[in-house]
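The structure file my_file_23.txt is reproduced below (compact mmCIF, C-alpha atoms).
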```
# COMPACT_ATOMS: atom_id res chain seq x y z
CA MET A 1 -46.14 -13.35 -17.56
CA ALA A 2 -43.04 -11.95 -15.86
CA ASP A 3 -42.60 -12.58 -12.16
CA PRO A 4 -42.95 -9.20 -10.36
CA SER A 5 -40.47 -10.24 -7.67
CA SER A 6 -37.90 -11.18 -10.32
CA SER A 7 -38.32 -7.82 -12.06
CA SER A 8 -37.97 -6.00 -8.74
CA SER A 9 -34.79 -7.92 -7.95
CA ALA A 10 -33.34 -7.12 -11.37
CA ARG A 11 -34.08 -3.41 -10.89
CA SER A 12 -32.51 -3.54 -7.43
CA ASP A 13 -29.41 -5.25 -8.84
CA ALA A 14 -29.15 -2.65 -11.59
CA ALA A 15 -29.44 0.23 -9.12
CA TYR A 16 -26.73 -1.24 -6.89
CA PHE A 17 -24.40 -1.95 -9.79
CA LEU A 18 -24.95 1.59 -11.04
CA LYS A 19 -23.73 2.86 -7.68
CA ALA A 20 -20.67 0.62 -7.96
CA ALA A 21 -20.01 1.92 -11.48
CA LEU A 22 -20.29 5.50 -10.27
CA VAL A 23 -17.87 4.70 -7.45
CA GLY A 24 -15.36 3.27 -9.94
CA LEU A 25 -15.58 6.29 -12.25
CA LEU A 26 -15.30 8.85 -9.46
CA VAL A 27 -12.46 7.05 -7.68
CA GLY A 28 -10.55 6.68 -10.94
CA ALA A 29 -10.85 10.42 -11.58
CA LEU A 30 -10.01 11.32 -7.96
CA ALA A 31 -6.98 9.02 -7.87
CA THR A 32 -5.74 10.41 -11.19
CA GLY A 33 -6.02 13.94 -9.83
CA PHE A 34 -4.16 12.92 -6.69
CA HIS A 35 -1.37 11.21 -8.64
CA THR A 36 -1.08 14.13 -11.07
CA GLY A 37 -0.87 16.57 -8.18
CA LEU A 38 1.88 14.53 -6.55
CA GLU A 39 3.92 14.36 -9.75
CA PHE A 40 3.54 18.10 -10.27
CA LEU A 41 4.58 18.96 -6.72
CA PHE A 42 7.57 16.64 -6.76
CA ALA A 43 8.66 17.90 -10.18
CA GLN A 44 8.54 21.50 -8.95
CA TYR A 45 10.41 20.50 -5.80
CA SER A 46 13.11 18.74 -7.83
CA SER A 47 13.44 21.73 -10.17
CA LEU A 48 13.88 24.08 -7.21
CA ARG A 49 16.67 21.96 -5.72
CA ALA A 50 18.40 21.71 -9.09
CA ALA A 51 18.17 25.47 -9.62
CA LEU A 52 19.91 26.12 -6.30
CA GLY A 53 23.05 24.43 -7.59
CA PRO A 54 25.72 22.66 -5.51
CA GLY A 55 26.62 23.46 -1.93
CA LEU A 56 24.73 23.62 1.33
CA LEU A 57 21.88 25.84 0.13
CA PRO A 58 19.82 23.05 -1.51
CA TYR A 59 20.20 20.98 1.66
CA ALA A 60 18.96 23.81 3.84
CA VAL A 61 16.02 24.58 1.56
CA SER A 62 15.02 20.90 1.33
CA VAL A 63 15.20 20.46 5.09
CA VAL A 64 12.92 23.45 5.66
CA ILE A 65 10.40 22.56 2.94
CA SER A 66 10.14 18.85 3.75
CA ALA A 67 9.98 19.46 7.50
CA LEU A 68 7.22 22.06 7.12
CA CYS A 69 5.24 19.92 4.66
CA VAL A 70 5.34 16.78 6.82
CA THR A 71 4.49 18.75 9.96
CA GLY A 72 1.67 20.48 8.11
CA ALA A 73 0.31 17.12 6.94
CA PHE A 74 0.42 15.79 10.50
CA LEU A 75 -1.39 18.81 11.95
CA LEU A 76 -4.01 18.75 9.18
CA VAL A 77 -4.79 15.11 9.87
CA GLN A 78 -4.92 15.55 13.64
CA ARG A 79 -7.26 18.52 13.48
CA VAL A 80 -9.55 17.38 10.66
CA ALA A 81 -9.69 13.56 10.76
CA PRO A 82 -7.16 11.59 12.87
CA GLU A 83 -8.34 8.35 11.23
CA ALA A 84 -6.83 9.62 7.96
CA ALA A 85 -3.29 8.90 9.22
CA GLY A 86 -1.44 5.99 7.64
CA SER A 87 -2.82 3.89 4.83
CA GLY A 88 -6.41 3.72 6.01
CA ILE A 89 -6.89 0.06 5.13
CA GLN A 90 -7.27 -0.91 8.78
CA GLU A 91 -9.81 1.92 9.15
CA ILE A 92 -11.88 0.48 6.31
CA GLU A 93 -11.80 -2.97 7.86
CA GLY A 94 -12.78 -1.48 11.22
CA ALA A 95 -15.67 0.39 9.61
CA MET A 96 -16.86 -2.85 8.01
CA GLU A 97 -16.93 -4.30 11.53
CA ASP A 98 -18.95 -1.25 12.72
CA LYS A 99 -16.10 -0.27 15.05
CA ARG A 100 -14.60 2.76 13.30
CA PRO A 101 -16.16 6.10 12.29
CA LEU A 102 -17.17 6.94 8.75
CA ARG A 103 -16.71 10.64 8.04
CA PRO A 104 -16.24 10.78 4.28
CA VAL A 105 -15.94 14.53 3.72
CA LEU A 106 -13.42 15.10 6.50
CA VAL A 107 -11.34 12.07 5.58
CA LEU A 108 -11.30 13.02 1.90
CA ILE A 109 -10.04 16.51 2.77
CA ALA A 110 -7.38 15.27 5.20
CA LYS A 111 -6.29 12.37 3.03
CA PHE A 112 -6.09 14.31 -0.24
CA PHE A 113 -4.31 17.45 0.94
CA GLY A 114 -2.38 15.75 3.74
CA GLY A 115 -1.27 13.10 1.28
CA LEU A 116 -0.08 15.72 -1.22
CA LEU A 117 1.98 17.43 1.47
CA ALA A 118 3.46 14.24 2.94
CA LEU A 119 4.18 12.31 -0.23
CA GLY A 120 5.19 15.41 -2.16
CA SER A 121 7.86 16.11 0.46
CA GLY A 122 9.65 12.85 -0.37
CA LEU A 123 8.58 10.56 2.49
CA VAL A 124 9.01 6.83 1.94
CA LEU A 125 5.28 6.20 1.60
CA GLY A 126 3.05 4.99 -1.22
CA ARG A 127 0.17 6.76 -2.92
CA GLU A 128 -1.98 3.62 -2.81
CA GLY A 129 -2.85 4.10 0.87
CA PRO A 130 -4.56 7.46 0.32
CA THR A 131 -6.32 6.30 -2.86
CA ILE A 132 -7.68 3.16 -1.15
CA HIS A 133 -9.04 5.15 1.81
CA MET A 134 -10.39 7.92 -0.41
CA GLY A 135 -12.02 5.29 -2.59
CA ALA A 136 -13.87 3.81 0.37
CA MET A 137 -14.95 7.25 1.57
CA THR A 138 -16.22 8.10 -1.91
CA ALA A 139 -18.29 4.93 -1.80
CA GLU A 140 -19.55 5.87 1.67
CA ALA A 141 -20.70 9.26 0.39
CA ILE A 142 -22.53 7.68 -2.54
CA SER A 143 -24.12 5.00 -0.34
CA ARG A 144 -25.84 7.72 1.70
CA SER A 145 -27.89 8.85 -1.29
CA ARG A 146 -30.26 5.93 -0.74
CA PRO A 147 -30.63 3.52 2.20
CA LEU A 148 -28.80 0.22 1.76
CA THR A 149 -28.78 -2.97 3.77
CA SER A 150 -25.77 -3.50 6.03
CA ALA A 151 -24.27 -6.05 3.64
CA GLU A 152 -24.77 -3.82 0.60
CA HIS A 153 -23.25 -0.87 2.44
CA LYS A 154 -20.15 -2.85 3.42
CA GLY A 155 -19.93 -4.27 -0.09
CA LEU A 156 -19.89 -0.77 -1.55
CA LEU A 157 -17.17 0.29 0.92
CA ALA A 158 -15.08 -2.65 -0.24
CA ALA A 159 -15.76 -1.74 -3.87
CA GLY A 160 -14.47 1.78 -3.23
CA ALA A 161 -11.34 0.46 -1.56
CA ALA A 162 -10.72 -1.94 -4.45
CA ALA A 163 -11.23 0.89 -6.93
CA GLY A 164 -8.61 2.94 -5.08
CA LEU A 165 -6.05 0.14 -5.27
CA ALA A 166 -6.86 -0.56 -8.92
CA ALA A 167 -6.29 3.10 -9.77
CA ALA A 168 -3.06 3.35 -7.77
CA PHE A 169 -1.30 0.51 -9.57
CA ASN A 170 -3.49 0.00 -12.66
CA ALA A 171 -4.04 -3.50 -11.26
CA PRO A 172 -7.78 -4.30 -11.20
CA LEU A 173 -7.42 -8.06 -10.75
CA ALA A 174 -5.08 -7.67 -7.77
CA ALA A 175 -7.52 -5.15 -6.29
CA ILE A 176 -10.39 -7.63 -6.53
CA LEU A 177 -8.32 -10.41 -4.98
CA PHE A 178 -7.14 -8.05 -2.25
CA ILE A 179 -10.74 -7.76 -1.06
CA VAL A 180 -11.10 -11.55 -1.19
CA GLU A 181 -7.93 -12.27 0.81
CA GLU A 182 -7.45 -9.22 3.03
CA THR A 183 -11.05 -8.48 4.08
CA ARG A 184 -12.29 -12.07 4.07
CA ARG A 185 -13.50 -11.75 7.67
CA GLN A 186 -15.37 -8.50 7.09
CA PHE A 187 -16.54 -8.64 3.48
CA PRO A 188 -20.17 -9.84 3.08
CA PHE A 189 -19.74 -12.18 0.13
CA GLY A 190 -22.74 -12.30 -2.18
CA TYR A 191 -23.59 -11.91 -5.83
CA ARG A 192 -24.25 -8.17 -5.59
CA THR A 193 -21.32 -7.24 -3.38
CA TYR A 194 -18.77 -9.32 -5.27
CA MET A 195 -19.88 -8.01 -8.66
CA ALA A 196 -19.82 -4.47 -7.28
CA VAL A 197 -16.14 -4.89 -6.37
CA ILE A 198 -15.37 -6.17 -9.87
CA ILE A 199 -17.28 -3.37 -11.60
CA ALA A 200 -15.72 -0.61 -9.52
CA SER A 201 -12.20 -2.00 -9.98
CA ILE A 202 -12.49 -2.32 -13.75
CA LEU A 203 -13.91 1.16 -14.27
CA SER A 204 -11.46 2.82 -11.90
CA ALA A 205 -8.46 1.25 -13.66
CA ALA A 206 -9.97 2.09 -17.05
CA VAL A 207 -10.43 5.76 -16.14
CA THR A 208 -6.89 5.97 -14.78
CA GLU A 209 -5.38 4.34 -17.85
CA GLN A 210 -7.44 6.50 -20.20
CA LEU A 211 -6.47 9.73 -18.43
CA THR A 212 -2.80 8.89 -17.91
CA GLY A 213 -2.06 6.48 -20.77
CA ILE A 214 -0.05 4.30 -18.39
CA GLY A 215 0.19 0.55 -18.93
CA PRO A 216 2.06 -1.81 -16.56
CA PRO A 217 3.92 0.81 -14.48
CA LEU A 218 6.97 -1.34 -13.67
CA LEU A 219 7.33 -3.21 -16.96
CA VAL A 220 10.11 -5.82 -16.75
CA GLU A 221 11.34 -7.91 -19.67
CA VAL A 222 12.73 -11.25 -18.57
CA ASP A 223 12.76 -14.77 -20.00
CA TYR A 224 11.98 -18.02 -18.25
CA VAL A 225 14.37 -19.16 -15.55
CA PRO A 226 15.44 -22.83 -15.24
CA VAL A 227 13.33 -25.03 -13.01
CA TRP A 228 16.31 -26.06 -10.90
CA SER A 229 16.70 -22.42 -9.83
CA PHE A 230 13.31 -22.61 -8.07
CA SER A 231 15.20 -23.98 -5.07
CA LEU A 232 17.13 -20.71 -4.89
CA LEU A 233 13.87 -18.77 -5.12
CA ALA A 234 12.50 -20.85 -2.26
CA VAL A 235 15.52 -19.83 -0.18
CA LEU A 236 14.80 -16.23 -1.15
CA GLY A 237 11.22 -16.74 0.02
CA ILE A 238 12.40 -18.02 3.40
CA LEU A 239 14.61 -14.95 3.85
CA LEU A 240 11.76 -12.64 2.83
CA GLY A 241 9.42 -14.44 5.22
CA GLY A 242 11.71 -13.52 8.09
CA LEU A 243 12.11 -9.98 6.78
CA GLY A 244 8.34 -9.58 6.53
CA VAL A 245 7.77 -10.64 10.12
CA PHE A 246 10.53 -8.29 11.29
CA PHE A 247 9.05 -5.45 9.24
CA ASN A 248 5.60 -5.86 10.82
CA ARG A 249 6.97 -5.98 14.35
CA ALA A 250 9.33 -3.06 13.74
CA LEU A 251 6.52 -0.92 12.33
CA ILE A 252 4.28 -1.49 15.35
CA THR A 253 7.24 -0.89 17.69
CA VAL A 254 8.13 2.47 16.13
CA MET A 255 4.46 3.55 16.17
CA ASP A 256 4.21 2.66 19.85
CA LEU A 257 7.47 4.49 20.52
CA PHE A 258 6.12 7.68 18.95
CA LEU A 259 2.93 7.27 20.97
CA LYS A 260 4.93 7.65 24.20
CA ILE A 261 5.74 11.23 23.27
CA PRO A 262 3.52 13.74 25.15
CA ARG A 263 0.43 14.61 23.09
CA GLY A 264 1.41 18.26 22.71
CA LEU A 265 4.78 17.30 21.19
CA ARG A 266 3.72 14.59 18.75
CA TRP A 267 4.39 16.92 15.85
CA VAL A 268 8.11 16.74 16.64
CA PRO A 269 8.66 13.30 15.01
CA ALA A 270 6.93 14.55 11.87
CA LEU A 271 9.23 17.59 11.83
CA ALA A 272 12.32 15.43 12.38
CA VAL A 273 11.35 12.83 9.77
CA GLY A 274 10.68 15.61 7.27
CA ALA A 275 14.05 17.23 7.98
CA VAL A 276 15.95 13.97 7.49
CA THR A 277 14.02 13.34 4.29
CA GLY A 278 15.09 16.77 3.04
CA ILE A 279 18.73 15.83 3.59
CA LEU A 280 18.34 12.48 1.83
CA LEU A 281 16.62 14.09 -1.14
CA ASN A 282 19.96 15.71 -1.94
CA ALA A 283 22.45 13.20 -0.52
CA PHE A 284 20.80 9.92 -1.56
CA PRO A 285 17.54 10.53 -3.50
CA ASP A 286 17.01 6.79 -4.15
CA ALA A 287 16.31 6.41 -0.42
CA THR A 288 13.29 8.74 -0.62
CA GLY A 289 9.85 8.65 -2.20
CA GLY A 290 7.38 5.81 -2.61
CA GLY A 291 9.72 3.92 -4.91
CA GLU A 292 7.44 3.31 -7.90
CA ASP A 293 9.97 4.75 -10.37
CA LEU A 294 12.94 3.40 -8.43
CA VAL A 295 11.89 -0.24 -8.85
CA HIS A 296 12.23 -0.15 -12.62
CA ASP A 297 15.54 1.74 -12.49
CA LEU A 298 17.00 -0.75 -10.02
CA ILE A 299 16.18 -3.67 -12.31
CA VAL A 300 17.43 -1.99 -15.49
CA ASN A 301 20.67 -0.66 -14.00
CA HIS A 302 23.29 -2.88 -12.42
CA TYR A 303 23.81 -1.95 -8.78
CA GLY A 304 26.42 -3.67 -6.63
CA ILE A 305 25.48 -5.85 -3.66
CA MET A 306 26.64 -3.34 -1.03
CA ALA A 307 24.71 -0.47 -2.66
CA LEU A 308 21.59 -2.61 -2.80
CA LEU A 309 21.90 -3.68 0.83
CA LEU A 310 22.45 -0.07 1.93
CA LEU A 311 19.41 1.02 -0.04
CA THR A 312 17.39 -1.81 1.54
CA VAL A 313 18.31 -0.62 5.04
CA LEU A 314 17.64 3.05 4.30
CA ARG A 315 14.27 2.46 2.67
CA PHE A 316 13.31 -0.05 5.37
CA GLY A 317 14.00 2.50 8.09
CA GLY A 318 12.49 5.27 6.00
CA VAL A 319 9.07 3.64 5.68
CA LEU A 320 8.97 2.76 9.39
CA PHE A 321 9.52 6.34 10.54
CA SER A 322 7.52 7.91 7.71
CA TYR A 323 4.46 5.79 8.47
CA ALA A 324 4.78 6.19 12.24
CA SER A 325 4.94 9.99 11.91
CA GLY A 326 1.15 10.03 11.56
CA VAL A 327 0.68 11.39 8.05
CA PRO A 328 -1.32 9.86 5.17
CA GLY A 329 0.55 7.29 3.11
CA GLY A 330 0.68 3.61 2.21
CA ILE A 331 3.26 0.89 2.66
CA PHE A 332 2.61 -1.16 -0.51
CA ALA A 333 4.91 0.81 -2.82
CA PRO A 334 7.76 1.12 -0.27
CA MET A 335 7.51 -2.62 0.41
CA LEU A 336 7.89 -3.31 -3.31
CA SER A 337 11.01 -1.15 -3.48
CA ILE A 338 12.53 -2.73 -0.37
CA ALA A 339 11.84 -6.18 -1.78
CA THR A 340 13.36 -5.22 -5.12
CA CYS A 341 16.58 -4.08 -3.43
CA ALA A 342 16.80 -7.22 -1.31
CA GLY A 343 15.86 -9.51 -4.19
CA LEU A 344 18.39 -7.93 -6.52
CA ALA A 345 21.12 -8.30 -3.89
CA PHE A 346 20.26 -12.00 -3.65
CA GLY A 347 20.16 -12.26 -7.45
CA VAL A 348 23.48 -10.49 -7.97
CA ALA A 349 25.15 -12.80 -5.44
CA SER A 350 23.63 -15.83 -7.18
CA VAL A 351 24.85 -14.69 -10.61
CA GLU A 352 28.37 -14.12 -9.27
CA PHE A 353 28.76 -17.40 -7.42
CA LEU A 354 26.40 -19.83 -9.16
CA PRO A 355 25.91 -20.96 -12.79
CA VAL A 356 22.81 -18.85 -13.52
CA ASP A 357 22.21 -16.30 -16.28
CA ASP A 358 21.99 -12.57 -15.66
CA ASP A 359 18.20 -12.77 -16.17
CA PHE A 360 18.01 -14.54 -12.81
CA ARG A 361 18.87 -11.22 -11.16
CA SER A 362 15.70 -9.65 -12.57
CA ALA A 363 13.68 -12.77 -11.74
CA CYS A 364 14.75 -12.46 -8.10
CA ALA A 365 13.67 -8.83 -8.02
CA VAL A 366 10.21 -9.63 -9.40
CA ALA A 367 9.75 -12.67 -7.16
CA ALA A 368 10.92 -10.75 -4.10
CA MET A 369 8.22 -8.11 -4.60
CA GLY A 370 5.54 -10.76 -4.29
CA GLY A 371 7.32 -12.63 -1.51
CA PHE A 372 7.79 -9.66 0.82
CA PHE A 373 4.19 -8.58 0.25
CA ALA A 374 2.96 -12.12 1.01
CA ALA A 375 5.04 -12.30 4.19
CA SER A 376 3.86 -8.97 5.57
CA VAL A 377 0.25 -8.75 4.38
CA ARG A 378 -0.20 -12.52 4.34
CA ALA A 379 -2.08 -12.42 1.06
CA PRO A 380 0.08 -14.59 -1.22
CA LEU A 381 -2.34 -14.74 -4.13
CA VAL A 382 -2.63 -10.96 -4.17
CA GLY A 383 1.16 -10.75 -4.08
CA VAL A 384 1.48 -12.96 -7.16
CA VAL A 385 -1.20 -11.19 -9.18
CA LEU A 386 -0.12 -7.69 -8.15
CA VAL A 387 3.45 -8.35 -9.26
CA MET A 388 2.27 -9.84 -12.56
CA GLU A 389 0.07 -6.83 -13.31
CA LEU A 390 2.74 -4.33 -12.25
CA THR A 391 5.64 -5.84 -14.18
CA GLY A 392 3.94 -7.68 -17.04
CA ALA A 393 6.46 -10.50 -16.40
CA TYR A 394 3.93 -13.31 -16.78
CA ALA A 395 6.71 -15.72 -17.76
CA LEU A 396 7.78 -15.60 -14.11
CA ILE A 397 4.48 -16.66 -12.59
CA MET A 398 5.89 -19.99 -11.35
CA PRO A 399 9.00 -18.47 -9.73
CA VAL A 400 6.85 -15.80 -8.07
CA LEU A 401 4.45 -18.47 -6.80
CA VAL A 402 7.35 -20.40 -5.29
CA THR A 403 8.74 -17.33 -3.52
CA CYS A 404 5.33 -16.10 -2.29
CA THR A 405 4.42 -19.53 -0.95
CA THR A 406 7.66 -20.09 0.94
CA ALA A 407 7.62 -16.52 2.27
CA SER A 408 4.06 -16.86 3.54
CA LEU A 409 4.75 -20.26 5.13
CA THR A 410 7.90 -18.95 6.79
CA ALA A 411 6.08 -15.92 8.18
CA HIS A 412 3.35 -18.18 9.55
CA HIS A 413 5.78 -20.53 11.28
CA LEU A 414 7.70 -17.59 12.76
CA GLY A 415 4.49 -16.45 14.45
CA GLY A 416 3.96 -13.40 12.27
CA ARG A 417 0.51 -11.91 11.79
CA PRO A 418 -0.93 -9.94 8.86
CA ILE A 419 0.14 -6.32 9.16
CA TYR A 420 -3.33 -4.82 8.72
CA GLU A 421 -4.78 -7.19 11.30
CA GLU A 422 -2.16 -5.96 13.75
CA LEU A 423 -2.76 -2.32 12.83
CA LEU A 424 -6.52 -2.70 13.22
CA GLU A 425 -6.19 -4.42 16.57
CA ARG A 426 -3.85 -1.68 17.75
CA THR A 427 -6.23 1.04 16.53
CA LEU A 428 -9.22 -0.53 18.26
CA ARG A 429 -7.31 -1.01 21.49
CA LEU A 430 -6.20 2.62 21.53
CA ALA A 431 -9.81 3.63 20.89
CA GLY A 432 -10.97 1.48 23.82
CA GLU A 433 -12.73 -1.04 21.59
CA LEU A 434 -10.48 -3.93 22.66
CA PRO A 435 -9.18 -4.76 26.13
CA ASP A 436 -5.45 -4.98 26.68
CA GLN A 437 -4.23 -8.57 26.35
CA PRO A 438 -1.34 -10.22 28.11
CA PRO A 439 1.21 -11.54 25.62
CA ASP A 440 0.51 -15.18 26.46
CA LYS A 441 -3.16 -15.04 25.51
CA THR A 442 -4.64 -15.78 22.14
CA PRO A 443 -5.25 -12.54 20.19
CA VAL A 444 -8.81 -11.39 19.76
CA GLN A 445 -10.30 -12.56 16.50
CA LEU A 446 -11.56 -9.34 15.01
CA GLY A 447 -13.58 -11.02 12.31
CA THR A 448 -15.90 -12.89 14.70
CA ARG A 449 -19.47 -11.75 14.18
CA GLU A 450 -21.77 -11.23 17.11
CA SER A 451 -25.02 -13.08 17.13
```
How does this structure look as structure tokens?
Amino acid sequence: MADPSSSSSARSDAAYFLKAALVGLLVGALATGFHTGLEFLFAQYSSLRAALGPGLLPYAVSVVISALCVTGAFLLVQRVAPEAAGSGIQEIEGAMEDKRPLRPVLVLIAKFFGGLLALGSGLVLGREGPTIHMGAMTAEAISRSRPLTSAEHKGLLAAGAAAGLAAAFNAPLAAILFIVEETRRQFPFGYRTYMAVIIASILSAAVTEQLTGIGPPLLVEVDYVPVWSFSLLAVLGILLGGLGVFFNRALITVMDLFLKIPRGLRWVPALAVGAVTGILLNAFPDATGGGEDLVHDLIVNHYGIMALLLLTVLRFGGVLFSYASGVPGGIFAPMLSIATCAGLAFGVASVEFLPVDDDFRSACAVAAMGGFFAASVRAPLVGVVLVMELTGAYALIMPVLVTCTTASLTAHHLGGRPIYEELLERTLRLAGELPDQPPDKTPVQLGTRES
């Protein structure tokens, strides 16, 4: 005779997994709609600039359109859901600690339409930030259909976030590992919650691939590199470790700088950033946009060292000011493009001055993507897997591991902290959830659970 408690548990599992499956399907469809909308808007924008022909007119039109779009995105976020600014990952982590609000409808509206305006205008921001936050808010909306325990609720939030990342990059495994590494302090590990993350990630990526027909978005063909060159990749990792720490500190600094502007004038940075973006769209288009398409072009085409370094600086500064302007957008994709530029510059120099094949240039670009991510986010395993899924360059798994490891170790020894931990702590402090801390004190451990 069947055990009634066992049958009840199986039905409860099935109901929870069904919610996770629904989250994955809905997030996949929502993310596909968001990505399609972005591509349409940017294609129309590009066609308009091309139709205007040479001269100053396309510059003037781009400045006006981009400035208005970015300012509109900022005002929409501020009036509808201020927590929709930025990537939203820190907001999800804060919500899983019961310290940030959960307003799914308002965030979905602000994130979707604000994201279309901001990213469609050419800002150096990634689409993965909005899809991750929208994924979590979709899960929140579904979780309200039936009461869940606190752990199940937080597990479903994490499943929605993972589904959003899986849809953004068609990288379900990296999305699952991102929850494991990034939200390890907040995520309530258990059979149900962990399987929910897996189910939602798989279905979200499947829906996106089915609707778009896209495989590995940054496919790179490269052979094995010699083992002796791993020492060069370790040096690259050390450099990226320092760059990652500098990136995190610079991002927080620029955000704090914008915060000093009087509240009634905080739309001015958004207007200025949009105007500059409009100029760059015509003068140097490679310095604009999230960089998903740029990464592949950089690897396929042979850029010189100076061009790559200039592009690194422009995109580095671009993501700092774009993110700090207070509009929806992620930093994953821009970080990948920055790393590609820096890695290629290192690879080109190595090919010119050392006895390595030209394939080493591409290997440095792929390894740098994982290394910079590992240094900033401090999730080295996610960095490795994300790069493998994005590029399909599985022959480079060892070189990428070497670079990610050395970059993460370097960032740790330089005193760097994970970027989303810093962003969450800053958000909570501004909201009055954390007391101000003198610089010489140990930072508050946000993941500590109260008894």
Next on the checklist: When you look at stretch 99-116 of chain A with a cut-off of 6 Å (counting all atoms listed in the file), what residues show up, excluding the ones that are within fewer than 5 positions of it in the same chain? I need them as a PyMOL selection string.
Outcome noted: chain A and resi 38+73+77+81+84+94+130+134+137+328
What does the file look like for those residues with C-alpha atoms, as a CSV table (one decimal), in the coordinates of the input?
```csv
chain,number,residue,atom,x,y,z
A,38,LEU,CA,1.9,14.5,-6.6
A,73,ALA,CA,0.3,17.1,6.9
A,77,VAL,CA,-4.8,15.1,9.9
A,81,ALA,CA,-9.7,13.6,10.8
A,84,ALA,CA,-6.8,9.6,8.0
A,94,GLY,CA,-12.8,-1.5,11.2
A,130,PRO,CA,-4.6,7.5,0.3
A,134,MET,CA,-10.4,7.9,-0.4
A,137,MET,CA,-15.0,7.2,1.6
A,328,PRO,CA,-1.3,9.9,5.2
```
Checklist entry - Can you tell me how far atom CA of A:Ile331 sits from atom CA of A:Leu125, in Å to one decimal? => result 5.8 Å
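Summary of the local environment: counting only C-alpha atoms, residues at most 9 Å from A:Leu219, other than itself and those fewer than 6 positions away along its chain, are His296, Glu389, Leu390, Thr391, Gly392 and Ala393 of chain A.
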Could you write those residues out with C-alpha atoms, as a PDB file, keeping the file's coordinate frame?
```pdb
ATOM      1  CA  HIS A 296      12.230  -0.150 -12.620  1.00  0.00           C
ATOM      2  CA  GLU A 389       0.070  -6.830 -13.310  1.00  0.00           C
ATOM      3  CA  LEU A 390       2.740  -4.330 -12.250  1.00  0.00           C
ATOM      4  CA  THR A 391       5.640  -5.840 -14.180  1.00  0.00           C
ATOM      5  CA  GLY A 392       3.940  -7.680 -17.040  1.00  0.00           C
ATOM      6  CA  ALA A 393       6.460 -10.500 -16.400  1.00  0.00           C
TER       7      ALA A 393
END
```
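Interatomic distance, atom CA of A:Ile92 against atom CA of A:Arg426: 14.1 Å.
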Item to check | Within 8 Å of file point (10.0, -10.5, -8.0), counting all atoms listed in the file, expressed as a VMD selection string | outcome: chain A and resid 339 to 340 343 362 to 371 387 400
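Counting from atom CA of A:Phe187, the distance to atom CA of A:His133 is 15.8 Å.
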Item to check | Closest of A:Leu386, A:Leu344, A:Ala374, A:Met255 to A:Ser322 - atom-to-atom distances counting all atoms listed in the file | outcome: A:Met255
Got a sec: who's within 9 Å of A:Ile65, counting all atoms listed in the file, leaving out chain neighbours fewer than 3 positions off, as a short mmCIF file (atom, residue, chain, number, x, y, z; two decimals) with C-alpha atoms, in the frame of the given file?
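Here's the written file around18.cif:
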```cif
data_model
loop_
_atom_site.label_atom_id
_atom_site.label_comp_id
_atom_site.auth_asym_id
_atom_site.auth_seq_id
_atom_site.Cartn_x
_atom_site.Cartn_y
_atom_site.Cartn_z
CA TYR A 45 10.41 20.50 -5.80
CA ALA A 60 18.96 23.81 3.84
CA VAL A 61 16.02 24.58 1.56
CA SER A 62 15.02 20.90 1.33
CA LEU A 68 7.22 22.06 7.12
CA CYS A 69 5.24 19.92 4.66
CA VAL A 70 5.34 16.78 6.82
CA SER A 121 7.86 16.11 0.46
CA GLY A 274 10.68 15.61 7.27
CA ALA A 275 14.05 17.23 7.98
CA GLY A 278 15.09 16.77 3.04
#
```
Checklist entry - Near A:Thr406, counting all atoms listed in the file, which residues have an atom at most 9 Å away, once you skip same-chain residues fewer than 2 positions from it, shown as a VMD selection string? => result chain A and resid 233 to 238 240 to 241 371 375 401 to 404 408 to 411
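Closest approach to A:Asn170 among A:Leu76, A:Leu156, A:Leu298, A:Met388 is made by A:Met388 (distances from all atoms listed in the file).
Considering the residues A:Ala67, A:Leu232, A:Val80, A:Ile132 and counting only C-alpha atoms, A:Gly329 has its shortest atom-to-atom contact with A:Ile132.
Each of A:Val197, A:Leu56, A:Ala168, A:Ala10 was compared to A:Gly24 using only C-alpha atoms, and A:Val197 turns out to be the nearest.
If you measure from each of A:Ala29, A:Leu423, A:Ala333, A:Ala118 to A:Thr253 using only C-alpha atoms, the closest one turns out to be A:Leu423.
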Item to check | For A:Leu314: contacts at 12 Å, all atoms listed in the file, fewer than 3 positions along chain excluded, given as JSON, numbers by chain | outcome: {"A": [123, 124, 276, 277, 280, 284, 285, 286, 287, 288, 289, 307, 308, 309, 310, 311, 317, 318, 319, 320, 321, 322, 334, 337, 338, 341, 342]}
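Taking all atoms listed in the file into account, A:Ile299 lies nearest to A:Asp358 out of the set A:Ala43, A:Asp358, A:Lys154, A:Glu97.
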